[in-house]
$ cat start06.json   # JSON, C-alpha atoms and all ligand atoms
[["chain", "number", "residue", "atom", "x", "y", "z"],
["M", 280, "MET", "CA", 123.86, 116.82, 108.30],
["M", 281, "ASN", "CA", 121.12, 114.18, 108.29],
["M", 282, "VAL", "CA", 121.68, 111.30, 110.65],
["M", 283, "ILE", "CA", 118.18, 109.84, 110.59],
["M", 284, "ALA", "CA", 116.52, 108.60, 107.39],
["M", 285, "VAL", "CA", 113.02, 107.19, 106.98],
["M", 286, "TYR", "CA", 112.03, 104.41, 104.56],
["M", 287, "PRO", "CA", 108.24, 104.72, 104.33],
["M", 288, "GLY", "CA", 105.88, 102.26, 102.69],
["M", 289, "THR", "CA", 102.93, 99.97, 103.17],
["M", 290, "PHE", "CA", 105.05, 96.82, 103.58],
["M", 291, "ASP", "CA", 102.04, 94.52, 103.06],
["M", 292, "PRO", "CA", 104.08, 92.42, 103.74],
["M", 293, "ILE", "CA", 107.80, 93.15, 103.86],
["M", 294, "THR", "CA", 109.68, 91.29, 101.07],
["M", 295, "LEU", "CA", 113.33, 90.46, 100.46],
["M", 296, "GLY", "CA", 113.38, 93.44, 98.05],
["M", 297, "HIS", "CA", 112.47, 95.75, 100.95],
["M", 298, "VAL", "CA", 115.00, 94.03, 103.23],
["M", 299, "ASP", "CA", 117.70, 94.59, 100.60],
["M", 300, "VAL", "CA", 116.90, 98.33, 100.41],
["M", 301, "VAL", "CA", 116.84, 98.59, 104.22],
["M", 302, "SER", "CA", 120.19, 96.87, 104.68],
["M", 303, "ARG", "CA", 121.86, 99.05, 102.04],
["M", 304, "ALA", "CA", 120.31, 102.30, 103.35],
["M", 305, "SER", "CA", 121.21, 101.39, 106.94],
["M", 306, "LEU", "CA", 124.90, 101.64, 105.98],
["M", 307, "MET", "CA", 124.45, 105.28, 104.97],
["M", 308, "PHE", "CA", 122.74, 106.73, 108.04],
["M", 309, "LYS", "CA", 123.22, 106.54, 111.77],
["M", 310, "THR", "CA", 119.60, 105.52, 112.21],
["M", 311, "LEU", "CA", 117.12, 104.24, 109.66],
["M", 312, "ILE", "CA", 113.45, 104.22, 110.58],
["M", 313, "VAL", "CA", 111.24, 101.91, 108.55],
["M", 314, "GLY", "CA", 107.92, 103.77, 108.60],
["M", 315, "ILE", "CA", 104.95, 101.49, 108.11],
["M", 316, "ALA", "CA", 102.04, 103.49, 106.74],
["M", 317, "ALA", "CA", 98.55, 102.61, 107.90],
["M", 318, "SER", "CA", 97.44, 102.93, 104.20],
["M", 319, "GLU", "CA", 93.78, 102.18, 105.00],
["M", 320, "ASN", "CA", 92.84, 103.22, 101.44],
["M", 321, "LYS", "CA", 94.89, 100.28, 100.12],
["M", 322, "ASN", "CA", 92.89, 97.82, 102.21],
["M", 323, "PRO", "CA", 95.98, 95.89, 103.35],
["M", 324, "LEU", "CA", 95.92, 92.11, 103.76],
["M", 325, "PHE", "CA", 97.97, 92.32, 106.98],
["M", 326, "SER", "CA", 96.88, 94.67, 109.76],
["M", 327, "LEU", "CA", 99.15, 97.55, 110.73],
["M", 328, "ASP", "CA", 100.21, 95.69, 113.89],
["M", 329, "GLU", "CA", 100.99, 92.55, 111.87],
["M", 330, "ARG", "CA", 103.02, 94.50, 109.30],
["M", 331, "VAL", "CA", 105.02, 96.20, 112.07],
["M", 332, "ALA", "CA", 105.63, 92.88, 113.86],
["M", 333, "LEU", "CA", 106.76, 91.14, 110.64],
["M", 334, "ALA", "CA", 109.13, 93.96, 109.66],
["M", 335, "THR", "CA", 110.51, 94.14, 113.21],
["M", 336, "GLU", "CA", 111.27, 90.42, 113.19],
["M", 337, "ALA", "CA", 112.70, 90.45, 109.66],
["M", 338, "LEU", "CA", 115.04, 93.35, 110.44],
["M", 339, "ALA", "CA", 116.02, 92.38, 113.99],
["M", 340, "ASN", "CA", 119.63, 91.72, 112.93],
["M", 341, "LEU", "CA", 120.18, 95.36, 111.88],
["M", 342, "PRO", "CA", 120.96, 97.29, 115.08],
["M", 343, "ASN", "CA", 120.52, 100.82, 113.69],
["M", 344, "VAL", "CA", 117.12, 100.07, 112.11],
["M", 345, "LYS", "CA", 113.87, 100.83, 113.93],
["M", 346, "VAL", "CA", 110.36, 100.00, 112.77],
["M", 347, "ARG", "CA", 107.53, 102.43, 113.55],
["M", 348, "ALA", "CA", 103.94, 102.84, 112.39],
["M", 349, "PHE", "CA", 102.48, 106.11, 111.13],
["M", 350, "SER", "CA", 99.32, 107.49, 109.59],
["M", 351, "GLY", "CA", 98.52, 110.75, 107.90],
["M", 352, "LEU", "CA", 100.95, 112.86, 105.89],
["M", 353, "LEU", "CA", 104.47, 111.54, 105.59],
["M", 354, "ALA", "CA", 105.87, 115.09, 105.57],
["M", 355, "HIS", "CA", 104.37, 115.72, 109.02],
["M", 356, "THR", "CA", 105.69, 112.41, 110.34],
["M", 357, "MET", "CA", 109.18, 113.29, 109.06],
["M", 358, "ARG", "CA", 109.15, 116.43, 111.26],
["M", 359, "GLU", "CA", 107.88, 114.45, 114.22],
["M", 360, "TRP", "CA", 110.67, 111.88, 113.77],
["M", 361, "ASP", "CA", 113.26, 114.62, 113.26],
["M", 362, "SER", "CA", 114.32, 113.39, 109.83],
["M", 363, "GLY", "CA", 114.83, 115.17, 106.48],
["M", 364, "VAL", "CA", 115.65, 112.19, 104.26],
["M", 365, "ILE", "CA", 113.09, 109.88, 102.69],
["M", 366, "ILE", "CA", 114.39, 106.61, 101.24],
["M", 367, "ARG", "CA", 112.44, 104.98, 98.41],
["M", 368, "GLY", "CA", 113.27, 101.97, 96.23],
["M", 369, "LEU", "CA", 113.18, 102.11, 92.44],
["M", 370, "ARG", "CA", 112.60, 98.90, 90.53],
["M", 371, "ALA", "CA", 111.82, 99.89, 86.99],
["M", 372, "ILE", "CA", 110.80, 102.78, 84.78],
["M", 373, "SER", "CA", 107.24, 102.01, 85.84],
["M", 374, "ASP", "CA", 108.09, 103.09, 89.43],
["M", 375, "PHE", "CA", 109.78, 106.26, 88.25],
["M", 376, "GLU", "CA", 106.84, 108.49, 87.41],
["M", 377, "TYR", "CA", 104.95, 107.86, 90.65],
["M", 378, "GLU", "CA", 108.06, 108.07, 92.81],
["M", 379, "VAL", "CA", 109.23, 111.37, 91.32],
["M", 380, "GLN", "CA", 105.73, 112.81, 91.72],
["M", 381, "LEU", "CA", 105.69, 111.75, 95.37],
["M", 382, "ALA", "CA", 109.15, 113.24, 95.98],
["M", 383, "GLU", "CA", 108.06, 116.52, 94.39],
["M", 384, "VAL", "CA", 104.87, 116.70, 96.45],
["M", 385, "ASN", "CA", 106.79, 116.06, 99.67],
["M", 386, "LYS", "CA", 109.22, 118.85, 98.74],
["M", 387, "GLN", "CA", 106.31, 121.21, 98.04],
["M", 388, "ILE", "CA", 104.92, 120.48, 101.49],
["M", 389, "ASP", "CA", 108.31, 120.85, 103.16],
["M", 390, "LYS", "CA", 111.23, 122.21, 101.14],
["M", 391, "ASP", "CA", 113.76, 120.67, 103.53],
["M", 392, "LEU", "CA", 112.72, 117.13, 102.65],
["M", 393, "GLU", "CA", 114.99, 115.21, 100.27],
["M", 394, "THR", "CA", 114.11, 111.84, 98.72],
["M", 395, "VAL", "CA", 116.97, 109.42, 98.09],
["M", 396, "PHE", "CA", 116.28, 106.60, 95.63],
["M", 397, "ILE", "CA", 117.92, 103.23, 95.96],
["M", 398, "ALA", "CA", 117.94, 101.09, 92.83],
["M", 399, "ALA", "CA", 116.57, 97.60, 93.44],
["M", 400, "SER", "CA", 119.09, 94.78, 93.22],
["M", 401, "HIS", "CA", 118.65, 93.02, 89.88],
["M", 402, "LYS", "CA", 117.41, 89.82, 91.52],
["M", 403, "TYR", "CA", 114.53, 91.72, 93.17],
["M", 404, "THR", "CA", 113.44, 94.05, 90.36],
["M", 405, "PHE", "CA", 110.43, 91.85, 89.64],
["M", 406, "LEU", "CA", 109.42, 91.54, 93.29],
["M", 407, "SER", "CA", 106.48, 93.37, 94.88],
["M", 408, "SER", "CA", 104.29, 92.77, 97.91],
["M", 409, "SER", "CA", 101.26, 92.42, 95.63],
["M", 410, "ILE", "CA", 102.86, 89.64, 93.54],
["M", 411, "VAL", "CA", 103.85, 87.81, 96.71],
["M", 412, "ARG", "CA", 100.29, 88.16, 98.10],
["M", 413, "ASP", "CA", 98.92, 86.71, 94.84],
["M", 414, "ILE", "CA", 101.28, 83.73, 94.86],
["M", 415, "ALA", "CA", 100.66, 82.96, 98.53],
["M", 416, "GLY", "CA", 96.91, 83.47, 98.13],
["M", 417, "HIS", "CA", 96.88, 80.78, 95.44],
["M", 418, "GLY", "CA", 98.79, 78.34, 97.61],
["M", 419, "GLY", "CA", 102.22, 78.97, 96.05],
["M", 420, "ASN", "CA", 105.50, 78.88, 97.92],
["M", 421, "VAL", "CA", 106.98, 82.33, 98.62],
["M", 422, "ASP", "CA", 110.08, 81.24, 100.56],
["M", 423, "ASP", "CA", 112.43, 82.71, 97.91],
["M", 424, "PHE", "CA", 110.74, 86.12, 98.05],
["M", 425, "VAL", "CA", 110.09, 86.94, 101.71],
["M", 426, "PRO", "CA", 111.72, 86.50, 105.13],
["M", 427, "LYS", "CA", 110.85, 83.24, 106.92],
["M", 428, "CYS", "CA", 108.53, 84.96, 109.43],
["M", 429, "VAL", "CA", 106.47, 86.30, 106.50],
["M", 430, "SER", "CA", 106.08, 82.89, 104.82],
["M", 431, "ASN", "CA", 104.93, 81.52, 108.18],
["M", 432, "ALA", "CA", 102.43, 84.38, 108.51],
["M", 433, "PHE", "CA", 101.01, 83.59, 105.06],
["M", 434, "VAL", "CA", 100.55, 79.94, 106.02],
["M", 435, "GLU", "CA", 98.65, 81.01, 109.14],
["M", 436, "LYS", "CA", 96.55, 83.56, 107.26],
["M", 437, "PHE", "CA", 95.49, 81.29, 104.43],
["M", 438, "ASN", "CA", 95.02, 78.06, 106.41],
["O", 501, "LIG", "P1", 104.01, 101.97, 98.91],
["O", 501, "LIG", "O1", 102.58, 101.59, 99.13],
["O", 501, "LIG", "O2", 104.41, 103.23, 99.63],
["O", 501, "LIG", "O3", 104.48, 101.96, 97.48],
["O", 501, "LIG", "P2", 105.51, 99.52, 99.26],
["O", 501, "LIG", "O4", 105.65, 98.73, 100.50],
["O", 501, "LIG", "O5", 104.86, 98.87, 98.09],
["O", 501, "LIG", "O6", 104.79, 100.84, 99.71],
["O", 501, "LIG", "O7", 106.94, 100.01, 98.78],
["O", 501, "LIG", "C1", 107.75, 100.85, 99.57],
["O", 501, "LIG", "C2", 108.96, 101.28, 98.76],
["O", 501, "LIG", "O8", 109.77, 100.14, 98.49],
["O", 501, "LIG", "C3", 108.63, 101.90, 97.39],
["O", 501, "LIG", "O9", 109.56, 102.93, 97.14],
["O", 501, "LIG", "C4", 108.83, 100.75, 96.43],
["O", 501, "LIG", "O10", 109.19, 101.23, 95.14],
["O", 501, "LIG", "C5", 110.00, 100.05, 97.10],
["O", 501, "LIG", "N1", 110.09, 98.64, 96.73],
["O", 501, "LIG", "C6", 109.11, 97.71, 96.74],
["O", 501, "LIG", "N2", 109.56, 96.51, 96.33],
["O", 501, "LIG", "C7", 110.87, 96.67, 96.08],
["O", 501, "LIG", "C8", 111.91, 95.80, 95.59],
["O", 501, "LIG", "N3", 111.65, 94.54, 95.24],
["O", 501, "LIG", "N4", 113.16, 96.31, 95.45],
["O", 501, "LIG", "C9", 113.40, 97.61, 95.76],
["O", 501, "LIG", "N5", 112.47, 98.48, 96.19],
["O", 501, "LIG", "C10", 111.23, 98.03, 96.35]]

$ encode --input "start06.json" --output "structure tokens"
Amino acid sequence: MNVIAVYPGTFDPITLGHVDVVSRASLMFKTLIVGIAASENKNPLFSLDERVALATEALANLPNVKVRAFSGLLAHTMREWDSGVIIRGLRAISDFEYEVQLAEVNKQIDKDLETVFIAASHKYTFLSSSIVRDIAGHGGNVDDFVPKCVSNAFVEKFN
């Protein structure tokens, strides 16, 4: 029986769509680890430390959720964190192909790894970190899309 699940991603930055997936997944497992990937190849706007700090603050009200950073192969990190369940969010058909490919690759690397998909809530299907970065980068208000600590971080970053 799996008691620890991991929700990996870049979280650059964490949005209300991510928070929704985390809160729903946290009801299904004893512990949920939000794994923040270094993702250097994606050239993130927020540093790894900033992304971890923002997610930690945004999720502080969920007692069985932990936020940890990782780099390298997710499958190896899953072993290290003693977990066999990967949580991923699915917004639209456009997510499907990439997500299924990723799940298959992780299973090829480690046959004991299962990926569980959580369908995005309808009000967040349009929401992505990249859209939020674009809006904030052009001076738009992102209060409806991200936790308060993230909107504050955008103000600091772009001012
Ligand atoms: P990655 O770089 O690994 O795709 P992201 O931070 O962009 O990292 O996304 C992490 C996971 O969260 C992915 O499975 C993505 O599909 C999912 N996700 C992103 N935005 C939303 C949202 N608005 N609703 C539900 N799931 C989402």

$ closest_atom_pairs --input "start06.json" --of "segment 288-315 of chain M" --to "segment 402-409 of chain M" --cutoff "8 Å" --atoms "only C-alpha atoms" --output "Markdown table"
| residue | atom | partner | partner_atom | distance |
| --- | --- | --- | --- | --- |
| M:Phe290 | CA | M:Ser408 | CA | 7.0 |
| M:Asp291 | CA | M:Ser408 | CA | 5.9 |
| M:Pro292 | CA | M:Ser408 | CA | 5.8 |
| M:Ile293 | CA | M:Ser408 | CA | 6.9 |
| M:Thr294 | CA | M:Ser408 | CA | 6.4 |
| M:Leu295 | CA | M:Tyr403 | CA | 7.5 |
| M:Gly296 | CA | M:Tyr403 | CA | 5.3 |

$ write_last_selection --input "start06.json" --atoms "C-alpha atoms" --output "CSV table (one decimal), in the frame of the given file"
chain,number,residue,atom,x,y,z
M,290,PHE,CA,105.0,96.8,103.6
M,291,ASP,CA,102.0,94.5,103.1
M,292,PRO,CA,104.1,92.4,103.7
M,293,ILE,CA,107.8,93.2,103.9
M,294,THR,CA,109.7,91.3,101.1
M,295,LEU,CA,113.3,90.5,100.5
M,296,GLY,CA,113.4,93.4,98.0

$ axis_aligned_box --input "start06.json" --around "ligand LIG 501 (chain O)" --padding-each-side "5 Å" --output "lines of an AutoDock Vina configuration file"
center_x = 108.0
center_y = 98.9
center_z = 97.8
size_x = 20.8
size_y = 18.7
size_z = 15.4

$ closest_residue --input "start06.json" --among "M:Phe396, M:Phe349, M:Phe325, M:Phe433" --to "Val301 of chain M" --atoms "all atoms listed in the file"
M:Phe396

$ closest_residue --input "start06.json" --among "M:Ser350, M:Asn343, M:Ser326, M:Gln387" --to "Gly314 of chain M" --atoms "all atoms listed in the file"
M:Ser350

$ closest_residue --input "start06.json" --among "M:Ser318, M:Asn438, M:Asn340, M:Thr356" --to "Gly288 of chain M" --atoms "all atoms listed in the file"
M:Ser318

$ residues_near_point --input "start06.json" --point "(123.7, 105.8, 104.7)" --cutoff "12 Å" --atoms "all atoms listed in the file" --output "ChimeraX atom specification"
/M:280-286,300-312,343-344,364-366,395-397

$ residues_around --input "start06.json" --residues "Ala398 of chain M" --least-positions-apart "4" --cutoff "7 Å" --atoms "all atoms listed in the file" --output "PyMOL selection string"
chain M and resi 368-370

$ residues_near_point --input "start06.json" --point "(98.7, 86.0, 98.3)" --cutoff "12 Å" --atoms "all atoms listed in the file" --output "number ranges by chain"
M: 291-292, 323-325, 407-421, 425, 429-430, 432-438

$ atom_distance --input "start06.json" --atom1 "atom C4 of ligand LIG 501 (chain O)" --atom2 "atom CA of Asn320 of chain M"
16.9 Å

$ build_atoms --input "start06.json" --residues "segment 303-339 of chain M" --atoms "N, CA and C atoms" --output "mmCIF file, in the frame of the given file"
data_model
loop_
_atom_site.group_PDB
_atom_site.id
_atom_site.type_symbol
_atom_site.label_atom_id
_atom_site.label_comp_id
_atom_site.auth_asym_id
_atom_site.auth_seq_id
_atom_site.Cartn_x
_atom_site.Cartn_y
_atom_site.Cartn_z
ATOM 1 N N ARG M 303 120.932 98.137 102.722
ATOM 2 C CA ARG M 303 121.860 99.050 102.040
ATOM 3 C C ARG M 303 121.725 100.475 102.585
ATOM 4 N N ALA M 304 120.503 100.934 102.827
ATOM 5 C CA ALA M 304 120.310 102.300 103.350
ATOM 6 C C ALA M 304 120.847 102.420 104.774
ATOM 7 N N SER M 305 120.778 101.326 105.526
ATOM 8 C CA SER M 305 121.210 101.390 106.940
ATOM 9 C C SER M 305 122.715 101.636 107.058
ATOM 10 N N LEU M 306 123.456 101.390 105.962
ATOM 11 C CA LEU M 306 124.900 101.640 105.980
ATOM 12 C C LEU M 306 125.206 103.134 105.778
ATOM 13 N N MET M 307 124.206 103.872 105.327
ATOM 14 C CA MET M 307 124.450 105.280 104.970
ATOM 15 C C MET M 307 124.034 106.276 106.049
ATOM 16 N N PHE M 308 123.256 105.818 107.018
ATOM 17 C CA PHE M 308 122.740 106.730 108.040
ATOM 18 C C PHE M 308 122.956 106.135 109.428
ATOM 19 N N LYS M 309 123.015 107.037 110.413
ATOM 20 C CA LYS M 309 123.220 106.540 111.770
ATOM 21 C C LYS M 309 122.009 105.715 112.202
ATOM 22 N N THR M 310 120.843 106.240 111.879
ATOM 23 C CA THR M 310 119.600 105.520 112.210
ATOM 24 C C THR M 310 118.688 105.493 110.990
ATOM 25 N N LEU M 311 118.115 104.350 110.737
ATOM 26 C CA LEU M 311 117.120 104.240 109.660
ATOM 27 C C LEU M 311 115.805 103.797 110.293
ATOM 28 N N ILE M 312 114.772 104.606 110.077
ATOM 29 C CA ILE M 312 113.450 104.220 110.580
ATOM 30 C C ILE M 312 112.633 103.679 109.410
ATOM 31 N N VAL M 313 112.157 102.457 109.537
ATOM 32 C CA VAL M 313 111.240 101.910 108.550
ATOM 33 C C VAL M 313 109.832 102.327 108.999
ATOM 34 N N GLY M 314 109.227 103.204 108.225
ATOM 35 C CA GLY M 314 107.920 103.770 108.600
ATOM 36 C C GLY M 314 106.814 103.010 107.907
ATOM 37 N N ILE M 315 106.027 102.302 108.710
ATOM 38 C CA ILE M 315 104.950 101.490 108.110
ATOM 39 C C ILE M 315 103.676 102.331 108.104
ATOM 40 N N ALA M 316 103.225 102.638 106.891
ATOM 41 C CA ALA M 316 102.040 103.490 106.740
ATOM 42 C C ALA M 316 100.772 102.681 106.977
ATOM 43 N N ALA M 317 99.824 103.290 107.662
ATOM 44 C CA ALA M 317 98.550 102.610 107.900
ATOM 45 C C ALA M 317 97.897 102.249 106.550
ATOM 46 N N SER M 318 97.944 103.163 105.575
ATOM 47 C CA SER M 318 97.440 102.930 104.200
ATOM 48 C C SER M 318 96.065 102.259 104.172
ATOM 49 N N GLU M 319 95.125 102.798 104.954
ATOM 50 C CA GLU M 319 93.780 102.180 105.000
ATOM 51 C C GLU M 319 93.153 102.144 103.612
ATOM 52 N N ASN M 320 93.437 103.155 102.789
ATOM 53 C CA ASN M 320 92.840 103.220 101.440
ATOM 54 C C ASN M 320 93.281 102.053 100.552
ATOM 55 N N LYS M 321 94.407 101.422 100.912
ATOM 56 C CA LYS M 321 94.890 100.280 100.120
ATOM 57 C C LYS M 321 94.303 98.958 100.597
ATOM 58 N N ASN M 322 93.531 99.027 101.682
ATOM 59 C CA ASN M 322 92.890 97.820 102.210
ATOM 60 C C ASN M 322 93.894 96.674 102.405
ATOM 61 N N PRO M 323 94.883 96.873 103.253
ATOM 62 C CA PRO M 323 95.980 95.890 103.350
ATOM 63 C C PRO M 323 95.504 94.507 103.816
ATOM 64 N N LEU M 324 96.221 93.481 103.338
ATOM 65 C CA LEU M 324 95.920 92.110 103.760
ATOM 66 C C LEU M 324 96.317 91.924 105.228
ATOM 67 N N PHE M 325 97.500 92.429 105.591
ATOM 68 C CA PHE M 325 97.970 92.320 106.980
ATOM 69 C C PHE M 325 97.629 93.622 107.715
ATOM 70 N N SER M 326 97.214 93.490 108.969
ATOM 71 C CA SER M 326 96.880 94.670 109.760
ATOM 72 C C SER M 326 98.156 95.481 110.006
ATOM 73 N N LEU M 327 97.975 96.707 110.446
ATOM 74 C CA LEU M 327 99.150 97.550 110.730
ATOM 75 C C LEU M 327 100.042 96.883 111.782
ATOM 76 N N ASP M 328 99.425 96.351 112.831
ATOM 77 C CA ASP M 328 100.210 95.690 113.890
ATOM 78 C C ASP M 328 100.971 94.484 113.335
ATOM 79 N N GLU M 329 100.316 93.721 112.464
ATOM 80 C CA GLU M 329 100.990 92.550 111.870
ATOM 81 C C GLU M 329 102.153 92.986 110.991
ATOM 82 N N ARG M 330 101.943 94.044 110.198
ATOM 83 C CA ARG M 330 103.020 94.500 109.300
ATOM 84 C C ARG M 330 104.213 95.013 110.096
ATOM 85 N N VAL M 331 103.927 95.704 111.208
ATOM 86 C CA VAL M 331 105.020 96.200 112.070
ATOM 87 C C VAL M 331 105.750 95.017 112.702
ATOM 88 N N ALA M 332 105.005 94.037 113.188
ATOM 89 C CA ALA M 332 105.630 92.880 113.860
ATOM 90 C C ALA M 332 106.493 92.094 112.867
ATOM 91 N N LEU M 333 105.994 91.902 111.643
ATOM 92 C CA LEU M 333 106.760 91.140 110.640
ATOM 93 C C LEU M 333 108.038 91.881 110.247
ATOM 94 N N ALA M 334 107.930 93.189 110.036
ATOM 95 C CA ALA M 334 109.130 93.960 109.660
ATOM 96 C C ALA M 334 110.123 93.975 110.829
ATOM 97 N N THR M 335 109.624 94.111 112.040
ATOM 98 C CA THR M 335 110.510 94.140 113.210
ATOM 99 C C THR M 335 111.288 92.829 113.304
ATOM 100 N N GLU M 336 110.587 91.714 113.114
ATOM 101 C CA GLU M 336 111.270 90.420 113.190
ATOM 102 C C GLU M 336 112.264 90.246 112.040
ATOM 103 N N ALA M 337 111.840 90.640 110.837
ATOM 104 C CA ALA M 337 112.700 90.450 109.660
ATOM 105 C C ALA M 337 113.970 91.300 109.711
ATOM 106 N N LEU M 338 113.903 92.415 110.437
ATOM 107 C CA LEU M 338 115.040 93.350 110.440
ATOM 108 C C LEU M 338 115.781 93.367 111.775
ATOM 109 N N ALA M 339 115.482 92.389 112.612
ATOM 110 C CA ALA M 339 116.020 92.380 113.990
ATOM 111 C C ALA M 339 117.547 92.337 114.022
#
